[in-house]
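What follows is the content of data31.tsv (TSV, C-alpha atoms and all ligand atoms).
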```tsv
chain	number	residue	atom	x	y	z
F	122	MET	CA	-16.52	11.05	3.01
F	123	LYS	CA	-15.38	7.64	1.80
F	124	LYS	CA	-15.98	6.94	-1.87
F	125	ILE	CA	-17.29	3.41	-2.18
F	126	ILE	CA	-18.22	1.12	-5.05
F	127	LEU	CA	-20.44	-1.66	-3.75
F	128	ASP	CA	-20.07	-4.94	-5.63
F	129	CYS	CA	-22.95	-7.19	-4.61
F	130	ASP	CA	-25.15	-10.19	-5.37
F	131	THR	CA	-28.39	-8.77	-4.01
F	132	GLY	CA	-29.60	-10.90	-1.80
F	133	LEU	CA	-31.36	-9.96	1.45
F	134	ASP	CA	-28.36	-8.78	3.48
F	135	ASP	CA	-26.86	-7.14	0.36
F	136	ALA	CA	-30.11	-5.16	0.12
F	137	VAL	CA	-29.66	-3.92	3.67
F	138	ALA	CA	-26.04	-2.99	2.86
F	139	ILE	CA	-27.28	-0.92	-0.11
F	140	ILE	CA	-29.65	0.97	2.19
F	141	ASN	CA	-26.86	1.44	4.76
F	142	ALA	CA	-24.56	2.82	2.05
F	143	VAL	CA	-27.16	5.37	1.03
F	144	ALA	CA	-28.16	6.29	4.60
F	145	ASP	CA	-24.64	6.70	6.02
F	146	LYS	CA	-23.55	10.32	5.57
F	147	GLU	CA	-19.89	9.28	5.72
F	148	ILE	CA	-20.30	7.25	2.52
F	149	LYS	CA	-20.40	8.56	-1.01
F	150	LEU	CA	-21.84	5.63	-2.92
F	151	MET	CA	-20.27	6.00	-6.37
F	152	GLY	CA	-22.14	3.16	-8.04
F	153	ILE	CA	-23.21	-0.43	-7.58
F	154	THR	CA	-21.88	-3.37	-9.58
F	155	THR	CA	-23.71	-6.67	-9.63
F	156	VAL	CA	-22.51	-10.24	-9.79
F	157	ALA	CA	-24.18	-13.65	-9.79
F	158	GLY	CA	-24.13	-15.35	-6.40
F	159	ASN	CA	-27.05	-15.63	-4.02
F	160	VAL	CA	-29.23	-15.90	-7.15
F	161	ASN	CA	-28.57	-15.46	-10.86
F	162	LEU	CA	-27.31	-12.19	-12.34
F	163	GLU	CA	-30.69	-11.16	-13.75
F	164	TYR	CA	-32.22	-11.33	-10.27
F	165	THR	CA	-29.26	-9.74	-8.42
F	166	THR	CA	-29.31	-6.82	-10.86
F	167	ARG	CA	-33.10	-6.43	-10.83
F	168	ASN	CA	-33.16	-6.56	-7.02
F	169	THR	CA	-30.48	-3.86	-6.87
F	170	LEU	CA	-32.40	-1.51	-9.15
F	171	ASP	CA	-35.67	-2.14	-7.32
F	172	ILE	CA	-34.20	-1.66	-3.84
F	173	LEU	CA	-32.72	1.67	-4.93
F	174	TYR	CA	-36.10	2.68	-6.39
F	175	SER	CA	-37.90	1.72	-3.17
F	176	ILE	CA	-35.82	4.29	-1.27
F	177	GLY	CA	-35.96	7.00	-3.94
F	178	GLU	CA	-32.35	6.52	-5.12
F	179	GLU	CA	-32.88	5.35	-8.68
F	180	GLY	CA	-30.23	7.88	-9.79
F	181	ILE	CA	-27.40	5.69	-8.49
F	182	GLY	CA	-25.81	3.81	-11.40
F	183	VAL	CA	-26.13	0.03	-11.51
F	184	TYR	CA	-23.58	-1.86	-13.62
F	185	LYS	CA	-24.05	-5.50	-14.46
F	186	GLY	CA	-21.09	-7.84	-14.18
F	187	GLU	CA	-20.43	-11.55	-14.48
F	188	LYS	CA	-23.14	-14.17	-14.74
F	189	LYS	CA	-21.02	-17.08	-13.55
F	190	PRO	CA	-17.83	-17.77	-11.60
F	191	LEU	CA	-14.49	-17.73	-13.43
F	192	ALA	CA	-14.05	-21.49	-13.66
F	193	ARG	CA	-17.12	-23.11	-12.16
F	194	GLU	CA	-20.83	-23.49	-12.45
F	195	LEU	CA	-22.98	-20.99	-10.59
F	196	HIS	CA	-23.67	-21.99	-6.98
F	197	THR	CA	-26.60	-20.08	-5.44
F	198	ALA	CA	-28.17	-19.65	-2.00
F	199	GLU	CA	-31.96	-19.63	-2.51
F	200	ASP	CA	-32.40	-21.40	0.83
F	201	PHE	CA	-31.36	-18.20	2.58
F	202	HIS	CA	-32.49	-15.53	0.13
F	203	GLY	CA	-35.59	-16.97	-1.54
F	204	LYS	CA	-36.14	-17.86	-5.17
F	205	SER	CA	-35.72	-14.33	-6.51
F	206	GLY	CA	-33.11	-13.38	-3.89
F	207	ILE	CA	-35.28	-10.95	-2.00
F	208	GLY	CA	-37.11	-13.42	0.23
F	209	ASP	CA	-40.87	-13.39	-0.25
F	210	LEU	CA	-40.99	-9.67	-1.06
F	211	VAL	CA	-42.34	-8.38	-4.35
F	212	LEU	CA	-40.74	-5.02	-5.07
F	213	LYS	CA	-42.06	-2.28	-7.34
F	214	ARG	CA	-40.18	-2.37	-10.61
F	215	SER	CA	-37.70	0.46	-11.07
F	216	PRO	CA	-38.01	2.41	-14.32
F	217	ALA	CA	-34.23	2.99	-14.30
F	218	ASP	CA	-32.05	1.26	-16.88
F	219	ILE	CA	-28.99	-0.81	-16.18
F	220	LYS	CA	-25.92	1.17	-17.29
F	221	SER	CA	-24.53	0.07	-20.59
F	222	ILE	CA	-20.92	-0.58	-19.56
F	223	HIS	CA	-19.71	-3.73	-17.82
F	224	ALA	CA	-19.14	-3.68	-14.04
F	225	ALA	CA	-15.36	-4.20	-14.35
F	226	GLU	CA	-15.02	-1.41	-16.92
F	227	TYR	CA	-17.04	0.93	-14.70
F	228	MET	CA	-14.83	0.12	-11.70
F	229	ALA	CA	-11.64	0.66	-13.73
F	230	LYS	CA	-12.86	4.01	-15.04
F	231	THR	CA	-14.05	5.26	-11.66
F	232	ILE	CA	-10.78	4.23	-10.01
F	233	SER	CA	-8.64	5.92	-12.65
F	234	ASP	CA	-10.78	9.09	-12.36
F	235	ASN	CA	-10.33	9.05	-8.55
F	236	PRO	CA	-6.82	7.66	-7.98
F	237	GLY	CA	-6.17	6.55	-4.40
F	238	ASP	CA	-9.72	7.35	-3.29
F	239	ILE	CA	-11.94	4.42	-4.15
F	240	ILE	CA	-12.81	1.64	-1.72
F	241	ILE	CA	-14.40	-1.46	-3.21
F	242	ALA	CA	-16.79	-3.15	-0.80
F	243	ALA	CA	-17.11	-6.62	-2.33
F	244	VAL	CA	-19.98	-8.47	-0.71
F	245	GLY	CA	-20.65	-11.21	-3.22
F	246	PRO	CA	-18.47	-13.78	-5.01
F	247	LEU	CA	-15.27	-12.05	-6.18
F	248	THR	CA	-15.73	-12.68	-9.92
F	249	ASN	CA	-16.11	-9.02	-10.97
F	250	VAL	CA	-13.22	-7.85	-8.80
F	251	ALA	CA	-10.92	-10.60	-10.13
F	252	LEU	CA	-11.83	-9.57	-13.65
F	253	LEU	CA	-11.07	-5.93	-12.85
F	254	LEU	CA	-7.61	-6.85	-11.50
F	255	THR	CA	-6.69	-9.12	-14.39
F	256	LYS	CA	-8.10	-7.01	-17.21
F	257	TYR	CA	-6.95	-3.63	-15.90
F	258	PRO	CA	-3.80	-4.41	-13.84
F	259	GLU	CA	-2.58	-0.82	-14.21
F	260	ILE	CA	-5.33	0.44	-11.85
F	261	LYS	CA	-4.25	-1.77	-8.92
F	262	LYS	CA	-1.98	0.94	-7.53
F	263	ASP	CA	-4.87	3.42	-7.54
F	264	ILE	CA	-7.31	1.35	-5.48
F	265	LYS	CA	-7.47	2.61	-1.91
F	266	GLU	CA	-8.61	-0.73	-0.54
F	267	ILE	CA	-10.85	-3.71	-1.03
F	268	ASN	CA	-13.07	-4.86	1.81
F	269	VAL	CA	-14.23	-8.39	1.19
F	270	MET	CA	-17.20	-9.95	2.89
F	271	GLY	CA	-15.99	-13.48	2.76
F	272	GLY	CA	-13.94	-16.20	4.30
F	273	SER	CA	-13.59	-17.52	7.79
F	274	LEU	CA	-10.95	-18.81	10.16
F	275	CYS	CA	-13.61	-20.58	12.21
F	276	GLY	CA	-15.41	-22.93	9.80
F	277	GLY	CA	-17.87	-22.20	7.04
F	278	ASN	CA	-21.52	-21.65	6.24
F	279	ALA	CA	-21.57	-23.05	2.67
F	280	THR	CA	-19.65	-26.14	3.81
F	281	GLN	CA	-17.90	-26.97	7.06
F	282	PHE	CA	-14.75	-25.46	5.51
F	283	ALA	CA	-15.91	-22.49	3.49
F	284	GLU	CA	-17.90	-19.30	3.66
F	285	PHE	CA	-20.41	-18.83	0.78
F	286	ASN	CA	-18.79	-15.98	-1.22
F	287	ILE	CA	-15.37	-17.62	-1.32
F	288	TYR	CA	-16.87	-21.07	-1.92
F	289	ALA	CA	-18.85	-19.72	-4.88
F	290	ASP	CA	-15.77	-18.51	-6.78
F	291	PRO	CA	-12.51	-19.65	-5.17
F	292	GLU	CA	-10.41	-18.97	-8.30
F	293	ALA	CA	-11.56	-15.34	-8.26
F	294	ALA	CA	-10.83	-15.12	-4.54
F	295	GLU	CA	-7.33	-16.44	-5.14
F	296	ILE	CA	-6.68	-13.68	-7.68
F	297	VAL	CA	-8.03	-10.97	-5.39
F	298	PHE	CA	-6.28	-12.20	-2.24
F	299	SER	CA	-2.90	-12.43	-4.00
F	300	SER	CA	-3.22	-9.10	-5.84
F	301	GLU	CA	-1.29	-7.09	-3.25
F	302	VAL	CA	-3.98	-4.44	-3.25
F	303	PRO	CA	-4.68	-3.48	0.42
F	304	LEU	CA	-7.37	-5.94	1.41
F	305	THR	CA	-9.42	-6.62	4.50
F	306	MET	CA	-11.15	-9.94	4.92
F	307	VAL	CA	-14.37	-9.41	6.84
F	308	GLY	CA	-15.54	-12.97	7.25
F	309	LEU	CA	-17.68	-15.02	9.56
F	310	ASP	CA	-15.19	-14.51	12.42
F	311	ALA	CA	-16.48	-10.94	12.64
F	312	THR	CA	-19.96	-10.99	11.11
F	313	MET	CA	-21.32	-13.90	13.15
F	314	LYS	CA	-20.62	-11.91	16.32
F	315	ALA	CA	-23.55	-9.60	15.54
F	316	LYS	CA	-26.69	-11.72	15.73
F	317	PHE	CA	-29.89	-9.70	15.57
F	318	GLN	CA	-33.01	-11.04	17.22
F	319	LYS	CA	-36.47	-9.80	16.36
F	320	LYS	CA	-36.59	-7.24	19.17
F	321	ASP	CA	-33.22	-5.73	18.17
F	322	LEU	CA	-34.76	-3.95	15.22
F	323	ASP	CA	-37.92	-2.70	16.95
F	324	PHE	CA	-36.43	0.80	16.88
F	325	LEU	CA	-36.68	0.75	13.08
F	326	ARG	CA	-40.45	0.30	13.24
F	327	GLU	CA	-40.67	3.69	14.95
F	328	GLU	CA	-38.79	5.51	12.19
F	329	LYS	CA	-40.94	6.94	9.43
F	330	ASN	CA	-38.91	7.01	6.27
F	331	SER	CA	-38.59	4.84	3.19
F	332	ARG	CA	-35.17	3.50	4.23
F	333	SER	CA	-36.31	2.24	7.60
F	334	SER	CA	-39.60	0.84	6.30
F	335	MET	CA	-37.82	-1.06	3.49
F	336	THR	CA	-35.26	-2.39	5.96
F	337	VAL	CA	-38.06	-3.59	8.24
F	338	LYS	CA	-39.69	-5.39	5.31
F	339	ILE	CA	-36.39	-7.10	4.43
F	340	PHE	CA	-35.75	-7.97	8.05
F	341	ASP	CA	-39.21	-9.53	8.49
F	342	SER	CA	-38.73	-11.51	5.29
F	343	MET	CA	-35.34	-12.74	6.52
F	344	PHE	CA	-37.02	-13.81	9.72
F	345	ARG	CA	-39.76	-15.75	7.97
F	346	ILE	CA	-37.03	-17.79	6.26
F	347	ARG	CA	-35.02	-18.17	9.47
F	348	ASP	CA	-38.16	-19.21	11.43
F	349	SER	CA	-38.73	-22.00	8.93
F	350	GLN	CA	-35.15	-23.14	9.60
F	351	GLY	CA	-35.66	-23.07	13.37
F	352	LYS	CA	-33.22	-20.17	13.83
F	353	ASP	CA	-34.02	-17.14	16.01
F	354	PHE	CA	-31.51	-14.59	14.66
F	355	VAL	CA	-30.34	-12.96	11.45
F	356	VAL	CA	-26.92	-11.60	10.49
F	357	PHE	CA	-26.13	-8.56	8.33
F	358	HIS	CA	-22.83	-9.86	6.91
F	359	ASP	CA	-22.64	-7.40	4.03
F	360	SER	CA	-23.32	-4.25	6.05
F	361	ILE	CA	-20.45	-5.18	8.33
F	362	ALA	CA	-17.97	-5.46	5.44
F	363	LEU	CA	-19.32	-2.16	4.04
F	364	ILE	CA	-18.32	-0.25	7.19
F	365	ALA	CA	-14.92	-1.93	7.75
F	366	SER	CA	-12.96	1.17	6.73
F	367	LEU	CA	-15.35	3.64	8.33
F	368	LYS	CA	-15.89	2.20	11.76
F	369	ASN	CA	-12.49	0.78	12.58
F	370	GLU	CA	-13.18	1.03	16.26
F	371	LEU	CA	-15.85	-1.67	16.03
F	372	PHE	CA	-13.38	-4.26	14.72
F	373	THR	CA	-10.40	-6.22	15.98
F	374	PHE	CA	-7.95	-6.97	13.17
F	375	GLU	CA	-5.03	-9.38	12.88
F	376	ASN	CA	-2.65	-9.96	9.97
F	377	HIS	CA	-2.46	-13.52	8.71
F	378	PRO	CA	-1.03	-15.22	5.63
F	379	ILE	CA	-4.11	-16.61	3.88
F	380	MET	CA	-4.40	-19.22	1.15
F	381	ILE	CA	-7.60	-20.04	-0.70
F	382	SER	CA	-8.35	-23.71	-1.26
F	383	THR	CA	-9.44	-24.73	-4.74
F	384	ASP	CA	-9.37	-28.46	-3.85
F	385	SER	CA	-12.62	-30.31	-4.28
F	386	LYS	CA	-12.90	-31.36	-0.62
F	387	THR	CA	-12.03	-28.05	1.05
F	388	ARG	CA	-13.09	-25.73	-1.81
F	389	GLY	CA	-13.23	-22.09	-0.71
F	390	GLU	CA	-11.51	-22.55	2.63
F	391	THR	CA	-9.51	-19.47	3.70
F	392	ARG	CA	-6.59	-21.19	5.39
F	393	VAL	CA	-3.77	-19.65	7.42
F	394	HIS	CA	-0.67	-20.93	5.64
F	395	GLU	CA	2.91	-19.66	5.58
F	396	LYS	CA	2.84	-19.49	1.76
F	397	GLY	CA	-0.28	-17.29	1.71
F	398	GLN	CA	-0.50	-13.52	1.23
F	399	LYS	CA	-0.45	-11.37	4.35
F	400	ILE	CA	-4.05	-10.21	4.74
F	401	LYS	CA	-5.74	-7.97	7.30
F	402	VAL	CA	-8.42	-10.17	8.83
F	403	ALA	CA	-11.29	-8.96	11.01
F	404	VAL	CA	-11.30	-11.42	13.89
F	405	GLY	CA	-13.54	-9.58	16.32
F	406	PHE	CA	-16.53	-7.25	16.12
F	407	ASP	CA	-18.42	-5.13	18.61
F	408	SER	CA	-22.00	-6.23	18.21
F	409	GLU	CA	-23.51	-3.62	20.57
F	410	GLY	CA	-21.53	-0.89	18.80
F	411	PHE	CA	-22.97	-2.08	15.48
F	412	LYS	CA	-26.53	-2.02	16.83
F	413	ASN	CA	-25.92	1.60	17.91
F	414	TYR	CA	-24.51	2.38	14.46
F	415	MET	CA	-27.70	1.06	12.85
F	416	LYS	CA	-29.79	3.22	15.20
F	417	ASP	CA	-27.69	6.26	14.36
F	418	ILE	CA	-27.86	6.00	10.61
F	419	PHE	CA	-31.56	5.20	10.43
F	420	GLY	CA	-32.46	7.69	13.16
F	421	ASN	CA	-30.78	10.51	11.22
F	422	SER	CA	-32.07	9.33	7.91
F	423	GLU	CA	-34.17	11.69	5.80
F	424	GLY	CA	-34.96	9.32	2.97
P	501	LIG	C1	-22.43	-14.04	2.45
P	501	LIG	O1	-23.11	-15.00	1.61
P	501	LIG	C2	-24.27	-14.43	1.07
P	501	LIG	O2	-25.32	-15.33	1.07
P	501	LIG	C3	-24.55	-13.18	1.85
P	501	LIG	O3	-25.17	-12.19	1.05
P	501	LIG	C4	-23.19	-12.74	2.31
P	501	LIG	O4	-22.55	-11.92	1.35
P	501	LIG	C5	-22.38	-14.60	3.86
P	501	LIG	O5	-21.64	-15.79	3.88
P	502	CA	CA	-23.80	-10.93	-0.49
```

When written as structure tokens, how does the structure in this file appear?
Amino acid sequence: MKKIILDCDTGLDDAVAIINAVADKEIKLMGITTVAGNVNLEYTTRNTLDILYSIGEEGIGVYKGEKKPLARELHTAEDFHGKSGIGDLVLKRSPADIKSIHAAEYMAKTISDNPGDIIIAAVGPLTNVALLLTKYPEIKKDIKEINVMGGSLCGGNATQFAEFNIYADPEAAEIVFSSEVPLTMVGLDATMKAKFQKKDLDFLREEKNSRSSMTVKIFDSMFRIRDSQGKDFVVFHDSIALIASLKNELFTFENHPIMISTDSKTRGETRVHEKGQKIKVAVGFDSEGFKNYMKDIFGNSEG
């Protein structure tokens, strides 16, 4: 079992990653930390609590983190995730409370209680993780690895240069990428290989459990947004980063020295540059293998 802390800005594909993390028997989801990104922190935290409640997992701790990037104004993505971050869905409100300690403090404590065992799957802007590494530098050696959904060697989605999560908080990304903690960049080079069309998730409609029915609702909501943009596919970026250390065989990795641009023109670009840190980068991904993975975890799901 891999012990994972999921740091997310829930968000439609973050919501699917949460359900994946609960449904995958190889994952022990230690807790979820929230950050501002796709929408503001109040929404990302509320969505996280409510998604967990919708699948009967309100016992998993939710820890609220940073409400804005380290050095910039908040940049959100309502165009892709809807005004509240969860498309046009209205979720039942979870009765669970947000935990009282800050996301970075929770991560530091969990890592020091489980030295060498914790994987951080960071699928939003890297603000909370940067704070963890700067405020608690002594725990760096005890982090097993950080899997970042972010970056791209093949052009961006927030701008022509930059992927959204890195664009949103490039100063935080710079801290995390140069921290020397084992890090895998799972960016658009990998995630955009797995495009799901409507028919690809028909199998989920046959499953009869809360996890599959919630995922179908999210998927349909994603599609309503994508239809309005004239696009016929959706991508589960955050689920792919979540499984980077579990399903190695689905990925092709290369090591590259990466620098993060903080310049105004190329803000958030993840650039191969001789002065950058050597980073493990996912450059390829087996899309059919991922579709089978989704079938496996939802097919075996009891929730
Ligand atoms: C990333 O940006 C967000 O909008 C998604 O949730 C994902 O983490 C993809 O670029
Ligand atoms: Ca995200």

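Interatomic distance, CA of Val337 in chain F against CA of Lys213 in chain F: 16.1 Å.
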
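Picture a line from CA of His358 in chain F to atom C1 of ligand LIG 501 (chain P); it runs 6.1 Å.
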
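Proximity ranking of F:Ala229, F:Ile126, F:Leu254, F:Met415 relative to Lys368 in chain F places F:Met415 first, based on only C-alpha atoms.
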
Mind checking which residues fall within 7 Å of Glu199 in chain F, counting only C-alpha atoms, ignoring those fewer than 5 positions away in the same chain, and posting them as number ranges by chain? F: 159-160, 204, 206

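Distances here use all atoms listed in the file; by that measure, the residue among F:Asp348, F:Asp171, F:Asp359, F:Glu327 closest to ligand CA 502 (chain P) is F:Asp359.
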
At a cut-off of 6 Å, can you tabulate as a tab-separated table every residue of chain F near ligand CA 502 (chain P) together with its closest atom pair and the distance in Å to one decimal, using all atoms listed in the file and ordering rows by chain then number?
```
residue	atom	partner	partner_atom	distance
F:Cys129	CA	P:CA502	CA	5.6
F:Asp130	CA	P:CA502	CA	5.1
F:Gly132	CA	P:CA502	CA	5.9
F:Asp135	CA	P:CA502	CA	4.9
F:Val244	CA	P:CA502	CA	4.5
F:Gly245	CA	P:CA502	CA	4.2
F:Asp359	CA	P:CA502	CA	5.9
```

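Near (-17.4, -18.9, 6.1), the residues inside the 9 Å limit, counting all atoms listed in the file, come to Gly271, Gly272, Ser273, Leu274, Cys275, Gly276, Gly277, Asn278, Ala279, Thr280, Gln281, Phe282, Ala283, Glu284, Phe285, Asn286, Ile287, Tyr288, Gly308, Leu309, Asp310, Gly389, Glu390 and Thr391 of chain F.
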
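Among the candidates F:Arg332, F:Lys396, F:Lys412, F:Lys149, the residue lying nearest to Gln318 in chain F is F:Lys412 (atoms considered: only C-alpha atoms).
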
Polymer residues at most 9 Å from Thr166 in chain F, all atoms listed in the file, same-chain spacing of 4 or more positions, as a PyMOL selection string: chain F and resi 129-131+154-157+161-162+170-171+183-186+219

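You will find CA of Met313 in chain F at 19.0 Å from CA of Asp341 in chain F.
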
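Shortest atom-to-atom contact with Ser215 in chain F among F:His394, F:Lys319, F:Lys146, F:Arg167: F:Arg167, counting only C-alpha atoms.
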
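Counting all atoms listed in the file, the residue from F:Phe324, F:Tyr257, F:Phe357, F:Phe340 that sits nearest to ligand LIG 501 (chain P) is F:Phe357.
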
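For Phe317 in chain F, the set of protein, DNA and RNA residues having any atom at most 8 Å away, when counting all atoms listed in the file and skipping those fewer than 4 positions along the same chain, is Asp321, Leu322, Phe354, Val355 and Val356 of chain F.
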
Can you tell me which residues surround Thr248 in chain F at a distance of at most 9 Å, considering all atoms listed in the file, apart from same-chain residues fewer than 4 positions away, and format the answer as a PDB file with C-alpha atoms, keeping the file's coordinate frame?
```pdb
ATOM      1  CA  VAL F 156     -22.510 -10.240  -9.790  1.00  0.00           C
ATOM      2  CA  ALA F 157     -24.180 -13.650  -9.790  1.00  0.00           C
ATOM      3  CA  GLY F 186     -21.090  -7.840 -14.180  1.00  0.00           C
ATOM      4  CA  GLU F 187     -20.430 -11.550 -14.480  1.00  0.00           C
ATOM      5  CA  LYS F 188     -23.140 -14.170 -14.740  1.00  0.00           C
ATOM      6  CA  LYS F 189     -21.020 -17.080 -13.550  1.00  0.00           C
ATOM      7  CA  PRO F 190     -17.830 -17.770 -11.600  1.00  0.00           C
ATOM      8  CA  LEU F 191     -14.490 -17.730 -13.430  1.00  0.00           C
ATOM      9  CA  LEU F 252     -11.830  -9.570 -13.650  1.00  0.00           C
ATOM     10  CA  LEU F 253     -11.070  -5.930 -12.850  1.00  0.00           C
ATOM     11  CA  ASP F 290     -15.770 -18.510  -6.780  1.00  0.00           C
ATOM     12  CA  GLU F 292     -10.410 -18.970  -8.300  1.00  0.00           C
ATOM     13  CA  ALA F 293     -11.560 -15.340  -8.260  1.00  0.00           C
ATOM     14  CA  ALA F 294     -10.830 -15.120  -4.540  1.00  0.00           C
TER      15      ALA F 294
END
```

Closest of F:Val307, F:Ala251, F:Leu195, F:Ile418 to ligand LIG 501 (chain P), counting all atoms listed in the file, is F:Val307
